[in-house]
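Text of start15.cif (mmCIF, C-alpha atoms) as supplied:
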```
data_work
#
loop_
_atom_site.label_atom_id
_atom_site.label_comp_id
_atom_site.auth_asym_id
_atom_site.auth_seq_id
_atom_site.Cartn_x
_atom_site.Cartn_y
_atom_site.Cartn_z
CA MET T 1 -7.95 9.09 3.76
CA LYS T 2 -4.92 10.99 2.47
CA VAL T 3 -1.82 8.94 3.18
CA GLY T 4 1.92 9.58 3.09
CA ILE T 5 4.52 6.83 2.63
CA ILE T 6 7.77 7.15 4.59
CA GLY T 7 10.43 4.91 3.09
CA THR T 8 10.10 3.44 -0.41
CA GLY T 9 11.72 -0.02 -0.21
CA ASN T 10 10.18 -3.43 -0.94
CA LEU T 11 7.59 -3.33 1.86
CA ALA T 12 6.56 0.21 0.96
CA GLU T 13 5.72 -0.94 -2.55
CA LEU T 14 3.35 -3.56 -1.10
CA HIS T 15 1.73 -0.82 0.98
CA MET T 16 1.35 1.49 -2.02
CA LYS T 17 -0.11 -1.23 -4.25
CA SER T 18 -2.67 -1.98 -1.54
CA TYR T 19 -3.55 1.67 -0.91
CA LYS T 20 -3.99 2.14 -4.66
CA LYS T 21 -6.65 -0.59 -4.71
CA ASN T 22 -8.66 1.03 -1.91
CA SER T 23 -11.25 3.55 -3.12
CA ASP T 24 -11.21 5.34 0.26
CA VAL T 25 -7.50 6.22 -0.03
CA GLU T 26 -5.48 8.82 -1.88
CA ILE T 27 -1.70 8.37 -1.91
CA THR T 28 -0.80 12.02 -1.41
CA ALA T 29 2.88 12.09 -0.45
CA VAL T 30 6.02 9.95 -0.69
CA CYS T 31 9.21 10.43 1.30
CA ASP T 32 12.66 8.82 1.14
CA PHE T 33 16.19 10.06 1.82
CA ASN T 34 16.88 8.71 -1.69
CA LEU T 35 15.02 11.50 -3.46
CA GLU T 36 15.25 9.96 -6.93
CA ARG T 37 13.64 6.75 -5.69
CA ALA T 38 10.93 8.77 -3.94
CA LYS T 39 10.17 10.65 -7.18
CA GLN T 40 10.02 7.38 -9.11
CA LYS T 41 7.51 5.86 -6.66
CA ALA T 42 5.46 9.05 -6.57
CA ASP T 43 5.17 8.99 -10.36
CA GLU T 44 4.31 5.28 -10.35
CA PHE T 45 1.53 5.59 -7.75
CA GLY T 46 0.22 9.07 -8.54
CA ALA T 47 1.43 10.96 -5.45
CA LYS T 48 1.60 14.74 -5.97
CA GLU T 49 4.08 15.49 -3.20
CA VAL T 50 7.66 14.24 -2.82
CA TYR T 51 9.90 14.80 0.21
CA GLN T 52 13.42 13.88 1.25
CA ASP T 53 12.88 14.65 4.96
CA TYR T 54 9.85 13.12 6.68
CA LYS T 55 9.66 16.08 9.07
CA ASP T 56 9.00 18.37 6.11
CA MET T 57 6.22 16.04 4.99
CA LEU T 58 4.61 16.02 8.44
CA ALA T 59 4.79 19.83 8.65
CA LYS T 60 3.65 20.72 5.13
CA SER T 61 1.40 17.94 3.82
CA ASP T 62 -2.34 17.74 4.49
CA ILE T 63 -2.28 13.98 5.13
CA ASP T 64 -4.39 12.00 7.59
CA ALA T 65 -2.10 8.99 8.00
CA VAL T 66 1.34 7.61 7.25
CA SER T 67 2.88 4.21 6.61
CA VAL T 68 6.30 3.89 8.25
CA CYS T 69 8.35 1.51 6.08
CA THR T 70 11.88 2.42 7.17
CA TRP T 71 14.84 0.84 8.98
CA ASN T 72 13.98 -0.67 12.36
CA ASN T 73 15.91 1.91 14.39
CA THR T 74 13.79 4.73 12.92
CA HIS T 75 10.37 3.19 13.65
CA ALA T 76 10.04 4.77 17.09
CA PRO T 77 11.23 8.33 16.34
CA ILE T 78 9.32 8.64 13.06
CA THR T 79 6.13 7.16 14.54
CA ILE T 80 6.30 9.43 17.59
CA ASP T 81 6.86 12.52 15.41
CA ALA T 82 3.96 11.53 13.14
CA LEU T 83 1.59 10.96 16.06
CA ASN T 84 2.59 14.31 17.58
CA ALA T 85 1.86 15.90 14.20
CA GLY T 86 -1.70 14.55 14.43
CA LYS T 87 -1.31 11.68 11.94
CA ASN T 88 -2.55 8.12 12.27
CA VAL T 89 0.27 5.60 11.82
CA LEU T 90 0.69 2.15 10.31
CA CYS T 91 4.18 1.08 11.37
CA GLU T 92 5.91 -1.94 9.88
CA LYS T 93 7.24 -4.72 12.07
CA PRO T 94 9.17 -4.99 14.32
CA PRO T 95 7.40 -2.31 16.34
CA ALA T 96 10.67 -0.88 17.67
CA LEU T 97 14.12 -1.83 18.96
CA SER T 98 12.88 -2.35 22.53
CA ALA T 99 9.81 -2.56 24.72
CA GLN T 100 10.65 0.86 26.18
CA GLN T 101 10.46 2.43 22.73
CA ALA T 102 7.17 0.61 22.06
CA MET T 103 5.76 1.94 25.35
CA ASP T 104 6.77 5.48 24.39
CA MET T 105 5.00 5.02 21.04
CA GLU T 106 1.87 3.72 22.75
CA LYS T 107 1.80 6.65 25.19
CA THR T 108 2.19 9.13 22.35
CA ALA T 109 -0.70 7.58 20.41
CA HIS T 110 -2.90 7.71 23.50
CA LYS T 111 -1.92 11.31 24.28
CA ASN T 112 -2.76 12.48 20.75
CA ARG T 113 -5.84 10.26 20.40
CA LYS T 114 -4.51 8.85 17.14
CA LEU T 115 -4.35 5.30 15.85
CA LEU T 116 -1.08 3.37 16.00
CA MET T 117 -1.34 0.05 14.18
CA TYR T 118 1.47 -2.41 13.54
CA GLY T 119 2.02 -4.37 10.35
CA PHE T 120 1.54 -7.92 11.65
CA VAL T 121 0.51 -8.98 8.17
CA ARG T 122 0.33 -12.73 8.78
CA ARG T 123 -2.75 -12.21 10.92
CA PHE T 124 -4.59 -11.33 7.71
CA GLU T 125 -4.05 -14.64 5.90
CA GLU T 126 -7.27 -16.47 5.11
CA LYS T 127 -6.15 -19.62 6.96
CA THR T 128 -5.11 -17.60 10.04
CA ARG T 129 -8.48 -15.88 10.22
CA LEU T 130 -10.28 -19.19 9.83
CA LEU T 131 -8.23 -20.87 12.56
CA LYS T 132 -8.72 -17.88 14.86
CA GLN T 133 -12.50 -18.10 14.33
CA MET T 134 -12.48 -21.82 15.13
CA ILE T 135 -10.50 -21.19 18.32
CA ASP T 136 -12.79 -18.33 19.36
CA ASP T 137 -15.82 -20.57 18.72
CA GLY T 138 -14.37 -23.15 21.13
CA ASP T 139 -13.81 -25.86 18.52
CA LEU T 140 -10.32 -26.66 19.84
CA GLY T 141 -11.06 -26.05 23.50
CA GLU T 142 -8.44 -24.39 25.69
CA ILE T 143 -5.23 -23.57 23.80
CA TYR T 144 -2.43 -24.44 26.21
CA TYR T 145 0.65 -24.76 23.98
CA ILE T 146 1.92 -23.60 20.60
CA LYS T 147 5.25 -24.52 19.05
CA THR T 148 6.44 -22.55 16.09
CA GLY T 149 9.49 -21.95 13.95
CA TYR T 150 10.72 -19.89 11.01
CA LEU T 151 14.01 -21.41 9.85
CA ARG T 152 16.15 -20.55 6.87
CA ARG T 153 19.12 -22.56 5.66
CA LEU T 154 20.70 -19.64 3.74
CA GLY T 155 18.87 -16.39 4.29
CA ASN T 156 20.88 -13.66 5.99
CA PRO T 157 19.93 -10.48 4.06
CA GLY T 158 23.09 -8.69 5.25
CA GLY T 159 23.41 -4.94 4.85
CA TRP T 160 21.52 -2.94 7.44
CA PHE T 161 19.74 -6.12 8.58
CA ALA T 162 23.08 -7.39 9.92
CA LYS T 163 24.02 -4.16 11.73
CA LYS T 164 22.63 -4.45 15.27
CA GLU T 165 22.46 -0.70 15.88
CA ILE T 166 20.06 -0.37 12.94
CA SER T 167 18.14 -3.68 12.96
CA GLY T 168 18.09 -4.46 16.69
CA GLY T 169 19.00 -8.11 16.04
CA GLY T 170 18.87 -10.93 13.53
CA PRO T 171 16.25 -13.57 12.73
CA LEU T 172 14.56 -13.21 16.13
CA ILE T 173 13.48 -9.61 15.56
CA ASP T 174 13.05 -10.09 11.79
CA LEU T 175 11.31 -13.47 11.44
CA GLY T 176 10.58 -14.61 14.99
CA VAL T 177 8.47 -11.51 15.62
CA HIS T 178 5.94 -12.80 13.08
CA MET T 179 5.62 -16.22 14.69
CA VAL T 180 5.44 -14.97 18.29
CA ASP T 181 2.75 -12.50 17.23
CA LEU T 182 0.77 -15.18 15.37
CA ALA T 183 0.91 -17.56 18.32
CA MET T 184 -0.10 -14.91 20.86
CA PHE T 185 -2.87 -13.69 18.54
CA LEU T 186 -4.31 -17.20 18.25
CA MET T 187 -4.14 -17.51 22.05
CA SER T 188 -6.11 -14.25 22.43
CA LYS T 189 -3.08 -12.27 23.57
CA PRO T 190 -2.27 -13.70 27.03
CA ASN T 191 0.11 -11.77 29.28
CA PRO T 192 3.69 -13.16 29.26
CA VAL T 193 5.22 -13.70 32.71
CA SER T 194 8.58 -15.42 32.08
CA VAL T 195 10.93 -16.21 29.22
CA PHE T 196 13.98 -18.43 28.78
CA GLY T 197 15.90 -18.00 25.54
CA ASN T 198 19.11 -18.52 23.63
CA THR T 199 20.80 -16.82 20.71
CA PHE T 200 23.58 -18.42 18.66
CA TYR T 201 26.46 -16.94 16.68
CA LYS T 202 27.85 -20.16 15.21
CA VAL T 203 27.30 -20.27 11.44
CA GLY T 204 27.65 -16.65 10.30
CA ASN T 205 26.14 -15.24 7.14
CA MET T 206 27.53 -18.01 4.85
CA ALA T 207 28.28 -15.32 2.26
CA GLY T 208 30.80 -17.53 0.45
CA VAL T 209 28.39 -20.36 -0.42
CA LYS T 210 28.27 -21.15 -4.14
CA GLY T 211 25.72 -22.93 -6.31
CA THR T 212 22.67 -21.20 -4.83
CA SER T 213 21.53 -17.74 -3.88
CA ALA T 214 19.28 -15.88 -1.48
CA TRP T 215 17.81 -12.39 -1.36
CA LYS T 216 20.29 -9.78 -0.09
CA ALA T 217 19.90 -6.20 1.03
CA ALA T 218 21.08 -3.54 -1.41
CA ASP T 219 23.94 -2.60 0.95
CA PHE T 220 25.12 -6.20 1.55
CA GLN T 221 28.76 -6.56 2.62
CA ASN T 222 30.44 -9.95 3.21
CA ASN T 223 32.39 -8.85 6.26
CA ILE T 224 29.58 -7.27 8.29
CA ASN T 225 27.40 -9.46 10.50
CA GLU T 226 26.78 -8.32 14.08
CA VAL T 227 23.61 -10.28 14.80
CA GLU T 228 22.64 -13.82 15.78
CA ASP T 229 22.15 -16.49 13.15
CA MET T 230 19.68 -18.49 15.27
CA ALA T 231 17.53 -18.05 18.37
CA ASN T 232 15.01 -20.00 20.42
CA GLY T 233 12.82 -19.30 23.38
CA LEU T 234 10.20 -20.69 25.76
CA ILE T 235 7.53 -18.17 26.76
CA LYS T 236 5.18 -18.79 29.68
CA PHE T 237 1.96 -16.87 30.19
CA GLU T 238 -0.17 -15.77 33.11
CA ASN T 239 -2.87 -18.35 32.31
CA GLY T 240 -0.36 -21.25 32.33
CA SER T 241 -0.08 -21.62 28.55
CA SER T 242 3.27 -21.51 26.76
CA ILE T 243 4.92 -21.00 23.37
CA TYR T 244 8.13 -22.54 22.05
CA LEU T 245 9.87 -20.59 19.26
CA GLU T 246 12.89 -21.25 17.06
CA THR T 247 14.14 -19.11 14.20
CA SER T 248 17.23 -18.80 12.01
CA TRP T 249 18.71 -16.94 9.07
CA THR T 250 21.48 -19.51 8.56
CA SER T 251 21.51 -23.09 9.84
CA HIS T 252 22.59 -26.48 8.60
CA ILE T 253 19.17 -27.92 7.78
CA LYS T 254 17.90 -29.62 4.63
CA LYS T 255 15.51 -26.85 3.59
CA ASP T 256 13.77 -23.69 4.80
CA THR T 257 10.94 -24.51 7.19
CA THR T 258 8.02 -22.57 8.62
CA TYR T 259 5.68 -24.25 11.07
CA LEU T 260 3.09 -23.46 13.72
CA GLU T 261 1.35 -26.21 15.71
CA VAL T 262 -1.53 -25.57 18.08
CA PHE T 263 -2.37 -27.84 21.03
CA GLY T 264 -5.88 -27.54 22.49
CA SER T 265 -7.90 -29.53 25.01
CA LYS T 266 -10.51 -30.52 22.39
CA GLY T 267 -8.40 -30.47 19.24
CA GLY T 268 -5.16 -29.40 17.63
CA ALA T 269 -4.12 -27.70 14.42
CA VAL T 270 -1.23 -27.02 12.09
CA LEU T 271 -1.25 -23.56 10.51
CA GLU T 272 1.97 -23.79 8.51
CA PRO T 273 2.55 -24.81 5.81
CA GLU T 274 -1.18 -25.67 5.38
CA LEU T 275 -4.11 -25.49 7.78
CA GLU T 276 -5.09 -28.91 9.15
CA ILE T 277 -7.26 -29.78 12.17
CA TYR T 278 -6.85 -32.83 14.43
CA THR T 279 -9.61 -33.90 16.82
CA VAL T 280 -11.91 -36.75 17.90
CA LYS T 281 -15.28 -37.36 16.21
CA ASN T 282 -17.62 -40.26 16.99
CA GLN T 283 -14.91 -41.81 19.18
CA HIS T 284 -12.41 -41.84 16.29
CA LEU T 285 -9.30 -39.76 15.75
CA THR T 286 -10.21 -37.41 12.92
CA ASP T 287 -8.14 -35.15 10.67
CA PHE T 288 -9.56 -32.60 8.24
CA LYS T 289 -8.24 -29.88 5.98
CA PRO T 290 -10.43 -26.85 5.12
CA ILE T 291 -10.58 -25.94 1.43
CA LEU T 292 -8.90 -22.55 0.97
CA LYS T 293 -8.04 -20.42 -2.02
CA GLY T 294 -4.32 -20.73 -2.56
CA GLY T 295 -1.00 -22.34 -1.81
CA GLY T 296 1.81 -20.26 -0.29
CA PHE T 297 1.77 -16.89 1.42
CA ASP T 298 -0.24 -14.43 -0.69
CA PHE T 299 1.74 -11.20 -0.20
CA ASP T 300 -0.58 -8.97 -2.25
CA GLY T 301 -3.76 -10.38 -0.72
CA CYS T 302 -2.54 -10.19 2.88
CA PHE T 303 -1.13 -6.68 2.54
CA SER T 304 -4.35 -5.53 0.90
CA ALA T 305 -6.36 -6.94 3.81
CA GLU T 306 -4.02 -5.23 6.29
CA ILE T 307 -4.21 -1.87 4.50
CA ASP T 308 -8.00 -2.15 4.16
CA HIS T 309 -8.26 -2.77 7.91
CA PHE T 310 -6.07 0.25 8.73
CA THR T 311 -8.14 2.41 6.38
CA ASP T 312 -11.39 1.14 7.88
CA CYS T 313 -10.12 1.97 11.37
CA VAL T 314 -9.23 5.54 10.37
CA VAL T 315 -12.18 6.30 8.09
CA ASN T 316 -14.97 4.39 9.85
CA GLY T 317 -13.63 4.11 13.41
CA ILE T 318 -13.76 0.32 13.69
CA GLU T 319 -11.71 -1.37 16.40
CA CYS T 320 -8.10 -2.08 15.43
CA THR T 321 -6.86 -5.67 15.78
CA CYS T 322 -3.09 -4.87 15.68
CA THR T 323 -2.83 -2.39 18.53
CA ALA T 324 -0.07 -0.35 20.10
CA GLN T 325 -0.43 -2.53 23.20
CA ASP T 326 0.25 -5.60 21.06
CA GLY T 327 3.52 -4.00 20.01
CA VAL T 328 4.57 -3.49 23.62
CA ARG T 329 3.70 -7.08 24.51
CA ILE T 330 5.70 -8.50 21.57
CA MET T 331 8.76 -6.34 22.29
CA LYS T 332 8.74 -7.39 25.95
CA VAL T 333 9.02 -11.01 24.82
CA LEU T 334 11.80 -10.33 22.30
CA ASP T 335 13.71 -8.21 24.83
CA ALA T 336 13.43 -11.05 27.34
CA ILE T 337 14.77 -13.69 24.91
CA TYR T 338 17.82 -11.54 24.18
CA ALA T 339 18.29 -10.78 27.89
CA SER T 340 17.95 -14.44 28.85
CA SER T 341 20.58 -15.41 26.31
CA GLU T 342 22.99 -12.80 27.64
CA THR T 343 22.52 -13.71 31.31
CA GLY T 344 21.76 -17.42 31.06
CA GLN T 345 18.82 -16.79 33.38
CA LEU T 346 15.03 -17.05 33.26
CA ILE T 347 13.67 -13.53 32.74
CA ASP T 348 10.57 -12.26 34.53
CA VAL T 349 8.52 -10.14 32.16
CA LYS T 350 7.40 -7.03 34.03
#
```

Serialized structure, structure tokens:
Amino acid sequence: MKVGIIGTGNLAELHMKSYKKNSDVEITAVCDFNLERAKQKADEFGAKEVYQDYKDMLAKSDIDAVSVCTWNNTHAPITIDALNAGKNVLCEKPPALSAQQAMDMEKTAHKNRKLLMYGFVRRFEEKTRLLKQMIDDGDLGEIYYIKTGYLRRLGNPGGWFAKKEISGGGPLIDLGVHMVDLAMFLMSKPNPVSVFGNTFYKVGNMAGVKGTSAWKAADFQNNINEVEDMANGLIKFENGSSIYLETSWTSHIKKDTTYLEVFGSKGGAVLEPELEIYTVKNQHLTDFKPILKGGGFDFDGCFSAEIDHFTDCVVNGIECTCTAQDGVRIMKVLDAIYASSETGQLIDVK
């Protein structure tokens, strides 16, 4: 599979490292509006072709697939152009700025009979795959509720992340998208029917805090912050199950927290920060923790698993687990949380 990389930021490097490890892949082309950075990455990863305009790459390069690792507001147009050019696409999260864009992307993939996969990388963690297998095997019974959160105390990246026209929103579309996707994936992707949500603009980006630091975008500016600093939402599904979500970039909490708790009729589980199972055995409440490889989130391992899956789908035609339809479903939920916050009303998800 000859692949082209569009955008050469932090996530693109994780893609390129993973492609480089896969013997079925050749990194053929690299594209970035910052041409010097594109040349640097091409030299580092052995790509023969370098472009400043992705349209030139799509027209001239003999590639089979692209990774779209660009700003959020460009995901839809670049993906649609790539699909129309006959390329398979791995698009980073969030899928788009809206459900309508995600639907247009799905239609284009279907029309051109090409694969559109989204980068929901947390699905590929070892503990996630194990928990999903246990749920599918019926070990936890019916999953009727998941509560999840991704909360930062000081973590507004600023720059383009904080410009709504480019990012589409704050922690909800940046961090919350991961947790909503994980929860819906574990529930076997039920159809959402209603959403009630809130967004908060109370704390700001806390750019003046001293004594500690957090990662910031290269174009960070203290005075620009157009997005929410916290959001929450309650999502109800067609089968009666529900998800509660909370997420923040800045909030007055003791420390950053990521959690996901699963409630089932025969057992429960905690996925974050470590996988634990809670059930009843021999008429006694029983807790157990599977033995897994590592501690925190393994970026390299998870991205390699994601890239290997994308490659396997393109080269060998296996069924994709992170589909274009998943992207539509996720964006409908995020759209509804933002809409509910604006109107103060429960939103029916059409």

| task | For the structure provided, state which residues fall under the PyMOL selection byres ((chain T and resi 349) around 7), and present them as a list in words. | result |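 Answer for the PyMOL selection byres ((chain T and resi 349) around 7): Pro192, Val193, Ser194, Lys332, Ala336, Ile347, Asp348 and Lys350 of chain T.
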
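For the file at hand, the PyMOL selection byres ((chain T and resi 2) around 9) resolves to T:Met1, T:Val3, T:Gly4, T:Asp24, T:Val25, T:Glu26, T:Ile27, T:Thr28, T:Ala29, T:Asp62, T:Ile63, T:Asp64, T:Ala65, T:Val66.
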
Expected axis-aligned box over every listed atom of segment 206-218 of chain T, 6 Å added per side, centre plus edges in Å to one decimal, as AutoDock Vina command-line options:
```
--center_x 24.3 --center_y -13.2 --center_z -0.7 --size_x 25.0 --size_y 31.4 --size_z 23.2
```

| task | Could you tell me how far atom CA of Tyr51 of chain T lies from atom CA of Lys39 of chain T, in Å and to one decimal? | result |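 So the answer is 8.5 Å.
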
| message | Assuming the chain letters and numbering stay as they are in my file, what does the PyMOL selection byres ((chain T and resi 172-186) around 8) actually select? List them as a ChimeraX atom specification. | response | /T:93-94,120,122-123,131-132,135,146,148-150,167-171,187-190,230-231,243,245-248,260,330,334

May I have the selected residues written with C-alpha atoms, as a PDB file, in the frame of the given file?
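Writing the result to out.pdb gives the following:
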```pdb
ATOM      1  CA  LYS T  93       7.240  -4.720  12.070  1.00  0.00           C
ATOM      2  CA  PRO T  94       9.170  -4.990  14.320  1.00  0.00           C
ATOM      3  CA  PHE T 120       1.540  -7.920  11.650  1.00  0.00           C
ATOM      4  CA  ARG T 122       0.330 -12.730   8.780  1.00  0.00           C
ATOM      5  CA  ARG T 123      -2.750 -12.210  10.920  1.00  0.00           C
ATOM      6  CA  LEU T 131      -8.230 -20.870  12.560  1.00  0.00           C
ATOM      7  CA  LYS T 132      -8.720 -17.880  14.860  1.00  0.00           C
ATOM      8  CA  ILE T 135     -10.500 -21.190  18.320  1.00  0.00           C
ATOM      9  CA  ILE T 146       1.920 -23.600  20.600  1.00  0.00           C
ATOM     10  CA  THR T 148       6.440 -22.550  16.090  1.00  0.00           C
ATOM     11  CA  GLY T 149       9.490 -21.950  13.950  1.00  0.00           C
ATOM     12  CA  TYR T 150      10.720 -19.890  11.010  1.00  0.00           C
ATOM     13  CA  SER T 167      18.140  -3.680  12.960  1.00  0.00           C
ATOM     14  CA  GLY T 168      18.090  -4.460  16.690  1.00  0.00           C
ATOM     15  CA  GLY T 169      19.000  -8.110  16.040  1.00  0.00           C
ATOM     16  CA  GLY T 170      18.870 -10.930  13.530  1.00  0.00           C
ATOM     17  CA  PRO T 171      16.250 -13.570  12.730  1.00  0.00           C
ATOM     18  CA  MET T 187      -4.140 -17.510  22.050  1.00  0.00           C
ATOM     19  CA  SER T 188      -6.110 -14.250  22.430  1.00  0.00           C
ATOM     20  CA  LYS T 189      -3.080 -12.270  23.570  1.00  0.00           C
ATOM     21  CA  PRO T 190      -2.270 -13.700  27.030  1.00  0.00           C
ATOM     22  CA  MET T 230      19.680 -18.490  15.270  1.00  0.00           C
ATOM     23  CA  ALA T 231      17.530 -18.050  18.370  1.00  0.00           C
ATOM     24  CA  ILE T 243       4.920 -21.000  23.370  1.00  0.00           C
ATOM     25  CA  LEU T 245       9.870 -20.590  19.260  1.00  0.00           C
ATOM     26  CA  GLU T 246      12.890 -21.250  17.060  1.00  0.00           C
ATOM     27  CA  THR T 247      14.140 -19.110  14.200  1.00  0.00           C
ATOM     28  CA  SER T 248      17.230 -18.800  12.010  1.00  0.00           C
ATOM     29  CA  LEU T 260       3.090 -23.460  13.720  1.00  0.00           C
ATOM     30  CA  ILE T 330       5.700  -8.500  21.570  1.00  0.00           C
ATOM     31  CA  LEU T 334      11.800 -10.330  22.300  1.00  0.00           C
TER      32      LEU T 334
END
```

| task | Go through T:Leu97, T:Cys322, T:Ala76, T:Leu275 one by one, measure the shortest atom-to-atom distance of each to Lys164 of chain T using only C-alpha atoms, and give the residue with the smallest value. | result |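 Among T:Leu97, T:Cys322, T:Ala76, T:Leu275, it is T:Leu97 that comes nearest to Lys164 of chain T.
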
| said: Please compute the atom CA of Glu92 of chain T-atom CA of Thr323 of chain T distance, one decimal, in Å. | reply: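 Computing the Euclidean distance for atom CA of Glu92 of chain T and atom CA of Thr323 of chain T yields 12.3 Å.
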
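Closest approach to Lys41 of chain T among T:Ala12, T:Asn205, T:Met57, T:Asp219: T:Ala12, based on all atoms listed in the file.
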
| note | atom CA of Thr199 of chain T sits from atom CA of Tyr244 of chain T at a separation of 14.0 Å

| task | Give me the residues within 9 Å of Asn88 of chain T as a PyMOL selection string, counting all atoms listed in the file and dropping any in the same chain fewer than 6 places off. | result | chain T and resi 64-67+82+109+114-117+314

| field | Which residue of T:Asp53, T:Glu226, T:Val121, T:Asn22 approaches Asp298 of chain T most closely, using all atoms listed in the file | value |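 That would be T:Val121, the residue with the smallest distance to Asp298 of chain T.
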
| task | Using all atoms listed in the file, pick whichever of T:Met206, T:Leu140, T:Ala324, T:Ala162 has the shortest atom-to-atom distance to Val280 of chain T. | result |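 Smallest distance to Val280 of chain T is found for T:Leu140.
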
| field | Who sits within 7 Å of Ile253 of chain T, only C-alpha atoms, same chain under 2 positions skipped, as a VMD selection string | value | chain T and resid 153 251 255

| Which polymer residues, protein or nucleic acid, are no farther than 7 Å from (7.8, 7.2, 2.4), counting all atoms listed in the file, as a PyMOL selection string? | chain T and resi 4-8+30-32+68-69

I need the chosen residues saved as a PDB file, in the frame of the given file, with C-alpha atoms.
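Full text of selection_15.pdb as output:
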```pdb
ATOM      1  CA  GLY T   4       1.920   9.580   3.090  1.00  0.00           C
ATOM      2  CA  ILE T   5       4.520   6.830   2.630  1.00  0.00           C
ATOM      3  CA  ILE T   6       7.770   7.150   4.590  1.00  0.00           C
ATOM      4  CA  GLY T   7      10.430   4.910   3.090  1.00  0.00           C
ATOM      5  CA  THR T   8      10.100   3.440  -0.410  1.00  0.00           C
ATOM      6  CA  VAL T  30       6.020   9.950  -0.690  1.00  0.00           C
ATOM      7  CA  CYS T  31       9.210  10.430   1.300  1.00  0.00           C
ATOM      8  CA  ASP T  32      12.660   8.820   1.140  1.00  0.00           C
ATOM      9  CA  VAL T  68       6.300   3.890   8.250  1.00  0.00           C
ATOM     10  CA  CYS T  69       8.350   1.510   6.080  1.00  0.00           C
TER      11      CYS T  69
END
```
